[in-house]
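Asks: Take this structure, written in structure tokens, and hold onto it; I'll ask about it next.
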Number of protein chains: 2
Amino acid sequence: MVKKTTPTIRDVANYVGVHHSTVSRALNPDQKRKISPAVAREIEKAAEKLGYYRNIAASSLKRNKSFAVGVLIPDITNPVFPPMIRGIQDVAEADGYTVITASTDDDVKKERDAFRLMRSRSVDGLIIATAHLDDPIVDLCIEDQIPFVLVNRKVRSDNVNAVIVDEAFGVKAALDHLVALGHTRIAHVAGQEHTSTGRERLKAFQDYMKIHDLDATLMSRTEKFTIEEGFSACEKLLKRDMIFTAILASNDLIAMGCIDALNKVGKRVPDDVSIIGGNDIPFLSRMVPALTTNRIPKYEMGSQAAGLLLELIHGIDRSPVVIRMQPSLIVRNSTGPV
Amino acid sequence: MVKKTTPTIRDVANYVGVHHSTVSRALNPDQKRKISPAVAREIEKAAEKLGYYRNIAASSLKRNKSFAVGVLIPDITNPVFPPMIRGIQDVAEADGYTVITASTDDDVKKERDAFRLMRSRSVDGLIIATAHLDDPIVDLCIEDQIPFVLVNRKVRSDNVNAVIVDEAFGVKAALDHLVALGHTRIAHVAGQEHTSTGRERLKAFQDYMKIHDLDATLMSRTEKFTIEEGFSACEKLLKRDMIFTAILASNDLIAMGCIDALNKVGKRVPDDVSIIGGNDIPFLSRMVPALTTNRIPKYEMGSQAAGLLLELIHGIDRSPVVIRMQPSLIVRNSTGPV
DNA sequence: CTAAAGTATGCACACGTCTGCAGCCCGGCG
DNA sequence: CGCCGGGCTGCAGACGTGTGCATACTTTAG
């Protein structure tokens, strides 16, 4: 058996008896009107019959357009991201775009590699969920004029398209809830300082505490949004012999780490310490304690970001917009009265 | 400001003062030895300086090789898959391959679309986690001579590369555990009949029950591996007034659905009914009840599959292998004595 | 009936990279 | 001194598709 070479546009053309340019036009939606309907139908039939697939590499080369968008995320294994990715995929694919995702582990070198890869594949746009407050990748995108939109995290400047969360609103709701339960000594376990999420949540915490005349110094930082980091940050808090009856954690994973650290020293949640997370990753309601958290619309954030990106790719230009999604506080039973 | 066009191999060549073919060779690891080290170094410097990225579309077109592999999964939102994907990405990327994933929702049409997409992008190989027992996509791969390996699910034939789980072993371990606890009336909530996972687990269940002279008719089927399906399947079981003290669910999500259904009618887990899931998705240990389950090595399954695929792509040919990974029963507290 | 306008298709080249072949230079050997 | 061989580089064509331009054919208006 001979190795079948995949059919090209010319094979289809020969089969039908027309020039290959005619086939090219017939198979391109926006050129199809130039071709007589009868011929077009015949070409489509032949293409189907021969098992023709357009060679995107060739198309991409000629048109200088890859019909692919890149997605940069810290880690696909973090449960926040799959729904976002799905949101992105659903709208991008509906418009004929392929999405290529890369995990960067919040590592600057991997981020650079991923960016180079995306450039090599000449993606038509980029969705970046890995942004640092000052991000060299973002600078590169601007310099190289690659359409991009940030999701989840933003950069310092507001002059960049982004779909993020109204952190101040979420933190206020969480703290209102704790205060209503009678808590006054509330600690914050902050996320990475160089991300907007970590920084903004911390700032909102401090602002709130100052306004309400509460102690804003009960605080510990983490270097990553992980259970392990939450665990050790909470341990530090405990070792410093600080007195607190509640913790606002920067996200759910950190909150889980805190719970572990508290349990380790015999403190119970919510009886001894109330705790609130952030993001609302799946299955929280089944856990014990079921974590009170700020839910963010992960899928919608992804689809919105993709929508925005497609607008940019299609050349619709207006000034950059920062879309802030409203989180909603989901009260479960990791919080209770003092 | 003029729109900068991205530099090509020719720009680099002009900059250095050599022919562009020399640049091409200098930048290709396996051709580099043909170039004098001095020139090669100079070219690399120039490429870096000018911000050159190889245009993969052009390269792909010429070499008839895309350095991309496709991954077909049912749904990226199902927590089983992200670790597998990560495993695939890590080994594929280490070898210079980009991975493109598509969610198919176990929908035949979407599977076909995804396959067409992968063909269009002329991926060098495919990893398929969506296989049905008889799968047209697999047939297409064979017909078109596209290297591929199955992961998670296999097809009827053993003559196809696959990395899967030793289901019989897992089911036996789970049922041994239940029997040791004194259970004799054990129900099975089966997964999709047209998948190897669903089918093999069911068969292992029936075989085991027969050997141990237990009632193998306590059974309900589902159409998807989801919480909702598990819920309604369990409801059916309950409505039929069957007496059982334990459930072996085909996977964790189905098990969760069963728990919900049991709770709804006031039955407690594990006091009234013991239950065992499958896969060990993340965070199970934090849930209540903490689900007893068969852990499968998700990341390793992904990385093994990718390794196998790369071998195929590199032309190493030997007869197809079916790798069966050993699951390990993780006993938590969704199971207890009768 | 003729000219203009419109429609449908063919022609040829370009996109950026790769690679077989040819040719050059240089050192070594007979 | 001439020839050979090996190392390095240039040359040119090809990969499959898209598109501006030319051309042939059809329709319409005057």
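Identifiers in the structure tokens: chain A, B, ... in order shown; residue index from 1 per chain; ligand index from 1 in order shown.
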Residues of range 106-165 of chain A classed as strand (DSSP E or B) by DSSP on the backbone are to be reported as an mmCIF file with N, CA and C atoms, in the first residue's frame.

Replies:
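File out_12.cif, as written:
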```
data_model
loop_
_atom_site.group_PDB
_atom_site.id
_atom_site.type_symbol
_atom_site.label_atom_id
_atom_site.label_comp_id
_atom_site.auth_asym_id
_atom_site.auth_seq_id
_atom_site.Cartn_x
_atom_site.Cartn_y
_atom_site.Cartn_z
ATOM 1 N N GLY A 125 -3.613 36.620 18.614
ATOM 2 C CA GLY A 125 -3.859 37.370 19.837
ATOM 3 C C GLY A 125 -3.540 36.528 21.043
ATOM 4 N N LEU A 126 -3.517 37.192 22.189
ATOM 5 C CA LEU A 126 -3.077 36.524 23.411
ATOM 6 C C LEU A 126 -4.021 36.865 24.556
ATOM 7 N N ILE A 127 -4.349 35.843 25.348
ATOM 8 C CA ILE A 127 -5.071 36.107 26.587
ATOM 9 C C ILE A 127 -4.140 35.744 27.718
ATOM 10 N N ILE A 128 -3.917 36.685 28.600
ATOM 11 C CA ILE A 128 -2.884 36.531 29.611
ATOM 12 C C ILE A 128 -3.500 36.500 31.005
ATOM 13 N N PHE A 148 -4.006 41.750 22.706
ATOM 14 C CA PHE A 148 -4.044 40.890 23.888
ATOM 15 C C PHE A 148 -5.028 41.452 24.885
ATOM 16 N N VAL A 149 -5.531 40.586 25.730
ATOM 17 C CA VAL A 149 -6.332 41.058 26.851
ATOM 18 C C VAL A 149 -5.965 40.249 28.088
ATOM 19 N N LEU A 150 -5.943 40.960 29.195
ATOM 20 C CA LEU A 150 -5.620 40.322 30.460
ATOM 21 C C LEU A 150 -6.881 39.742 31.061
ATOM 22 N N VAL A 151 -6.717 38.671 31.795
ATOM 23 C CA VAL A 151 -7.860 38.148 32.512
ATOM 24 C C VAL A 151 -7.394 37.761 33.905
ATOM 25 N N ALA A 162 -8.650 44.425 30.036
ATOM 26 C CA ALA A 162 -8.587 43.418 31.087
ATOM 27 C C ALA A 162 -9.980 43.052 31.570
ATOM 28 N N VAL A 163 -10.152 41.791 31.908
ATOM 29 C CA VAL A 163 -11.392 41.339 32.538
ATOM 30 C C VAL A 163 -11.019 40.810 33.908
ATOM 31 N N ILE A 164 -11.369 41.552 34.925
ATOM 32 C CA ILE A 164 -10.935 41.168 36.264
ATOM 33 C C ILE A 164 -12.098 41.243 37.245
ATOM 34 N N VAL A 165 -11.776 41.149 38.501
ATOM 35 C CA VAL A 165 -12.804 41.106 39.528
ATOM 36 C C VAL A 165 -12.760 42.388 40.352
#
```

Asks: Using DSSP secondary structure from the backbone, list all alpha helix (DSSP H) positions within range 76-166 of chain A, as a ChimeraX atom specification.

Replies: /A:81-94,108-120,136-143

Asks: If you keep N, CA and C atoms, can you produce a file of those selected residues as a JSON list (two decimals), in the first residue's frame?

Replies:
```json
[["chain", "number", "residue", "atom", "x", "y", "z"],
["A", 81, "PHE", "N", -8.77, 27.77, 36.79],
["A", 81, "PHE", "CA", -8.54, 28.06, 35.38],
["A", 81, "PHE", "C", -9.32, 27.24, 34.37],
["A", 82, "PRO", "N", -9.54, 25.94, 34.61],
["A", 82, "PRO", "CA", -10.28, 25.20, 33.59],
["A", 82, "PRO", "C", -11.58, 25.86, 33.15],
["A", 83, "PRO", "N", -12.41, 26.35, 34.07],
["A", 83, "PRO", "CA", -13.63, 27.00, 33.58],
["A", 83, "PRO", "C", -13.34, 28.24, 32.72],
["A", 84, "MET", "N", -12.33, 28.99, 33.10],
["A", 84, "MET", "CA", -11.97, 30.16, 32.29],
["A", 84, "MET", "C", -11.55, 29.73, 30.90],
["A", 85, "ILE", "N", -10.71, 28.71, 30.85],
["A", 85, "ILE", "CA", -10.23, 28.22, 29.56],
["A", 85, "ILE", "C", -11.41, 27.76, 28.71],
["A", 86, "ARG", "N", -12.32, 27.07, 29.36],
["A", 86, "ARG", "CA", -13.49, 26.60, 28.61],
["A", 86, "ARG", "C", -14.26, 27.76, 28.04],
["A", 87, "GLY", "N", -14.40, 28.81, 28.84],
["A", 87, "GLY", "CA", -15.09, 30.02, 28.36],
["A", 87, "GLY", "C", -14.38, 30.60, 27.14],
["A", 88, "ILE", "N", -13.08, 30.65, 27.22],
["A", 88, "ILE", "CA", -12.29, 31.17, 26.10],
["A", 88, "ILE", "C", -12.47, 30.29, 24.88],
["A", 89, "GLN", "N", -12.30, 28.98, 25.07],
["A", 89, "GLN", "CA", -12.41, 28.05, 23.96],
["A", 89, "GLN", "C", -13.75, 28.17, 23.27],
["A", 90, "ASP", "N", -14.81, 28.18, 24.06],
["A", 90, "ASP", "CA", -16.13, 28.17, 23.45],
["A", 90, "ASP", "C", -16.34, 29.36, 22.52],
["A", 91, "VAL", "N", -15.93, 30.56, 22.96],
["A", 91, "VAL", "CA", -16.20, 31.68, 22.05],
["A", 91, "VAL", "C", -15.16, 31.76, 20.94],
["A", 92, "ALA", "N", -13.93, 31.41, 21.23],
["A", 92, "ALA", "CA", -12.91, 31.48, 20.18],
["A", 92, "ALA", "C", -13.20, 30.47, 19.08],
["A", 93, "GLU", "N", -13.54, 29.26, 19.48],
["A", 93, "GLU", "CA", -13.79, 28.21, 18.49],
["A", 93, "GLU", "C", -15.02, 28.51, 17.65],
["A", 94, "ALA", "N", -16.01, 29.13, 18.29],
["A", 94, "ALA", "CA", -17.21, 29.49, 17.54],
["A", 94, "ALA", "C", -16.86, 30.44, 16.40],
["A", 108, "VAL", "N", 9.15, 33.41, 35.53],
["A", 108, "VAL", "CA", 9.43, 34.40, 34.49],
["A", 108, "VAL", "C", 10.06, 33.78, 33.25],
["A", 109, "LYS", "N", 10.93, 32.82, 33.46],
["A", 109, "LYS", "CA", 11.58, 32.19, 32.31],
["A", 109, "LYS", "C", 10.55, 31.43, 31.46],
["A", 110, "LYS", "N", 9.70, 30.66, 32.15],
["A", 110, "LYS", "CA", 8.68, 29.93, 31.40],
["A", 110, "LYS", "C", 7.73, 30.88, 30.68],
["A", 111, "GLU", "N", 7.47, 32.01, 31.30],
["A", 111, "GLU", "CA", 6.60, 32.98, 30.65],
["A", 111, "GLU", "C", 7.23, 33.48, 29.36],
["A", 112, "ARG", "N", 8.51, 33.76, 29.43],
["A", 112, "ARG", "CA", 9.21, 34.21, 28.23],
["A", 112, "ARG", "C", 9.20, 33.13, 27.15],
["A", 113, "ASP", "N", 9.46, 31.90, 27.56],
["A", 113, "ASP", "CA", 9.44, 30.79, 26.59],
["A", 113, "ASP", "C", 8.07, 30.67, 25.93],
["A", 114, "ALA", "N", 7.05, 30.72, 26.77],
["A", 114, "ALA", "CA", 5.69, 30.59, 26.24],
["A", 114, "ALA", "C", 5.40, 31.72, 25.26],
["A", 115, "PHE", "N", 5.85, 32.90, 25.60],
["A", 115, "PHE", "CA", 5.62, 34.03, 24.70],
["A", 115, "PHE", "C", 6.33, 33.82, 23.37],
["A", 116, "ARG", "N", 7.57, 33.37, 23.43],
["A", 116, "ARG", "CA", 8.32, 33.10, 22.21],
["A", 116, "ARG", "C", 7.58, 32.07, 21.36],
["A", 117, "LEU", "N", 7.10, 31.03, 22.03],
["A", 117, "LEU", "CA", 6.36, 30.01, 21.32],
["A", 117, "LEU", "C", 5.17, 30.61, 20.59],
["A", 118, "MET", "N", 4.43, 31.44, 21.30],
["A", 118, "MET", "CA", 3.23, 32.04, 20.71],
["A", 118, "MET", "C", 3.60, 32.91, 19.52],
["A", 119, "ARG", "N", 4.71, 33.62, 19.64],
["A", 119, "ARG", "CA", 5.18, 34.44, 18.52],
["A", 119, "ARG", "C", 5.54, 33.56, 17.34],
["A", 120, "SER", "N", 6.22, 32.47, 17.61],
["A", 120, "SER", "CA", 6.61, 31.56, 16.55],
["A", 120, "SER", "C", 5.39, 31.02, 15.81],
["A", 136, "PRO", "N", 6.85, 42.12, 31.89],
["A", 136, "PRO", "CA", 7.61, 42.26, 30.65],
["A", 136, "PRO", "C", 6.89, 41.68, 29.43],
["A", 137, "ILE", "N", 6.10, 40.64, 29.67],
["A", 137, "ILE", "CA", 5.36, 40.04, 28.56],
["A", 137, "ILE", "C", 4.37, 41.04, 27.97],
["A", 138, "VAL", "N", 3.69, 41.73, 28.87],
["A", 138, "VAL", "CA", 2.74, 42.75, 28.41],
["A", 138, "VAL", "C", 3.46, 43.82, 27.61],
["A", 139, "ASP", "N", 4.62, 44.22, 28.08],
["A", 139, "ASP", "CA", 5.39, 45.22, 27.34],
["A", 139, "ASP", "C", 5.74, 44.70, 25.95],
["A", 140, "LEU", "N", 6.14, 43.45, 25.88],
["A", 140, "LEU", "CA", 6.48, 42.85, 24.59],
["A", 140, "LEU", "C", 5.28, 42.87, 23.65],
["A", 141, "CYS", "N", 4.11, 42.52, 24.19],
["A", 141, "CYS", "CA", 2.91, 42.52, 23.36],
["A", 141, "CYS", "C", 2.66, 43.90, 22.78],
["A", 142, "ILE", "N", 2.80, 44.91, 23.62],
["A", 142, "ILE", "CA", 2.56, 46.27, 23.16],
["A", 142, "ILE", "C", 3.59, 46.63, 22.09],
["A", 143, "GLU", "N", 4.84, 46.34, 22.39],
["A", 143, "GLU", "CA", 5.92, 46.66, 21.46],
["A", 143, "GLU", "C", 5.70, 45.99, 20.11]]
```

Asks: May I have the residues of chain B within 9 Å of chain C, counting only C-alpha atoms (C1' of nucleotides), written as an NGL selection string?

Replies: :B and (8-10 or 21 or 24-25 or 54-63)

Asks: I need the chosen residues saved as an mmCIF file, in the first residue's frame, with N, CA and C atoms.

Replies:
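And here is the file that came out, result-v8.cif:
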```
data_model
loop_
_atom_site.group_PDB
_atom_site.id
_atom_site.type_symbol
_atom_site.label_atom_id
_atom_site.label_comp_id
_atom_site.auth_asym_id
_atom_site.auth_seq_id
_atom_site.Cartn_x
_atom_site.Cartn_y
_atom_site.Cartn_z
ATOM 1 N N THR B 8 12.484 38.353 9.309
ATOM 2 C CA THR B 8 12.558 37.005 8.761
ATOM 3 C C THR B 8 14.016 36.561 8.728
ATOM 4 N N ILE B 9 14.147 35.364 8.299
ATOM 5 C CA ILE B 9 15.458 34.772 8.161
ATOM 6 C C ILE B 9 16.344 35.608 7.225
ATOM 7 N N ARG B 10 15.726 36.238 6.259
ATOM 8 C CA ARG B 10 16.482 37.067 5.308
ATOM 9 C C ARG B 10 17.005 38.336 5.968
ATOM 10 N N SER B 21 20.009 30.929 3.583
ATOM 11 C CA SER B 21 20.049 29.484 3.836
ATOM 12 C C SER B 21 21.047 29.167 4.953
ATOM 13 N N SER B 24 19.243 29.748 8.113
ATOM 14 C CA SER B 24 18.340 28.630 8.373
ATOM 15 C C SER B 24 19.096 27.485 9.027
ATOM 16 N N ARG B 25 20.239 27.145 8.466
ATOM 17 C CA ARG B 25 21.015 26.034 9.013
ATOM 18 C C ARG B 25 21.527 26.347 10.411
ATOM 19 N N ARG B 54 11.352 32.145 14.589
ATOM 20 C CA ARG B 54 11.101 31.307 13.436
ATOM 21 C C ARG B 54 9.602 31.243 13.149
ATOM 22 N N ASN B 55 9.245 31.400 11.906
ATOM 23 C CA ASN B 55 7.849 31.295 11.494
ATOM 24 C C ASN B 55 7.489 29.818 11.318
ATOM 25 N N ILE B 56 6.777 29.299 12.310
ATOM 26 C CA ILE B 56 6.500 27.870 12.292
ATOM 27 C C ILE B 56 5.588 27.487 11.132
ATOM 28 N N ALA B 57 4.735 28.405 10.737
ATOM 29 C CA ALA B 57 3.837 28.103 9.626
ATOM 30 C C ALA B 57 4.650 27.775 8.381
ATOM 31 N N ALA B 58 5.619 28.580 8.088
ATOM 32 C CA ALA B 58 6.448 28.356 6.904
ATOM 33 C C ALA B 58 7.250 27.068 7.062
ATOM 34 N N SER B 59 7.832 26.937 8.216
ATOM 35 C CA SER B 59 8.628 25.747 8.489
ATOM 36 C C SER B 59 7.775 24.491 8.341
ATOM 37 N N SER B 60 6.602 24.580 8.918
ATOM 38 C CA SER B 60 5.680 23.456 8.897
ATOM 39 C C SER B 60 5.285 23.107 7.466
ATOM 40 N N LEU B 61 5.048 24.120 6.704
ATOM 41 C CA LEU B 61 4.639 23.912 5.312
ATOM 42 C C LEU B 61 5.726 23.166 4.550
ATOM 43 N N LYS B 62 6.933 23.627 4.701
ATOM 44 C CA LYS B 62 8.046 23.053 3.949
ATOM 45 C C LYS B 62 8.367 21.629 4.418
ATOM 46 N N ARG B 63 8.366 21.455 5.735
ATOM 47 C CA ARG B 63 8.818 20.172 6.259
ATOM 48 C C ARG B 63 7.688 19.164 6.409
#
```

Asks: Any idea which chain D residues end up within 9 Å of chain A if we count only C-alpha atoms (C1' of nucleotides), as a ChimeraX atom specification please?

Replies: /D:15-19

Asks: Report, in Å to a single decimal, how far apart CA of Tyr299 in chain A and CA of Asp252 in chain B are.

Replies: 22.8 Å

Asks: As an MDAnalysis selection string, please: the residues near Asp260 in chain B (cut-off 10 Å, only C-alpha atoms (C1' of nucleotides), same-chain neighbours under 5 positions excluded).

Replies: chainID B and resid 227:228 230:232 234:235 254:255 265:269

Asks: So that I have them on file, write out the residues from the current selection with C-alpha atoms, as a PDB file, in the first residue's frame.

Replies:
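Now in selection14.pdb:
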```pdb
ATOM      1  CA  ILE B 227     -22.846  14.280  39.278  1.00  0.00           C
ATOM      2  CA  GLU B 228     -26.288  14.733  37.748  1.00  0.00           C
ATOM      3  CA  GLY B 230     -25.047   9.714  39.272  1.00  0.00           C
ATOM      4  CA  PHE B 231     -27.857  11.383  41.125  1.00  0.00           C
ATOM      5  CA  SER B 232     -30.628  10.174  38.886  1.00  0.00           C
ATOM      6  CA  CYS B 234     -29.103   6.315  42.255  1.00  0.00           C
ATOM      7  CA  GLU B 235     -32.640   7.626  42.512  1.00  0.00           C
ATOM      8  CA  ILE B 254     -21.105   9.659  39.897  1.00  0.00           C
ATOM      9  CA  ALA B 255     -20.384   8.753  43.515  1.00  0.00           C
ATOM     10  CA  VAL B 265     -34.093  10.383  51.099  1.00  0.00           C
ATOM     11  CA  GLY B 266     -32.496  10.624  54.516  1.00  0.00           C
ATOM     12  CA  LYS B 267     -29.888   7.901  54.173  1.00  0.00           C
ATOM     13  CA  ARG B 268     -26.485   8.613  55.672  1.00  0.00           C
ATOM     14  CA  VAL B 269     -23.083   7.719  54.269  1.00  0.00           C
TER      15      VAL B 269
END
```

Asks: Could you please determine the separation between CA of Ala174 in chain A and CA of Ile243 in chain A in Å, to one decimal place?

Replies: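 Pair CA of Ala174 in chain A / CA of Ile243 in chain A returns 19.5 Å.
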
Asks: Write out as number ranges by chain the residues lying within 8 Å of range 1-11 of chain D, counting only C-alpha atoms (C1' of nucleotides) and excluding same-chain residues fewer than 4 positions away.

Replies: B: 19, 21-22, 34-36

Asks: Return the single residue from B:His212, B:Arg185, B:Arg286, B:Lys264 that is closest to chain A, with distances computed using only C-alpha atoms.

Replies: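 Smallest distance to chain A is found for B:Arg286.
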
Asks: For range 328-332 of chain B, please output as a PyMOL selection string all residues within 6 Å (counting only C-alpha atoms (C1' of nucleotides); exclusion window: fewer than 3 positions along the same chain).

Replies: chain B and resi 290-295

Asks: May I ask for the distance between CA of Arg153 in chain A and CA of Asp134 in chain A, given in Å to one decimal place?

Replies: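 Interatomic distance, CA of Arg153 in chain A to CA of Asp134 in chain A: 11.2 Å.
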
Asks: In terms of the shortest atom-to-atom distance over only C-alpha atoms, which of B:His132, B:Arg324, B:Lys236, B:Lys298 is closest to chain A?

Replies: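 Residue with the minimum atom-to-atom distance to chain A: B:Lys298.
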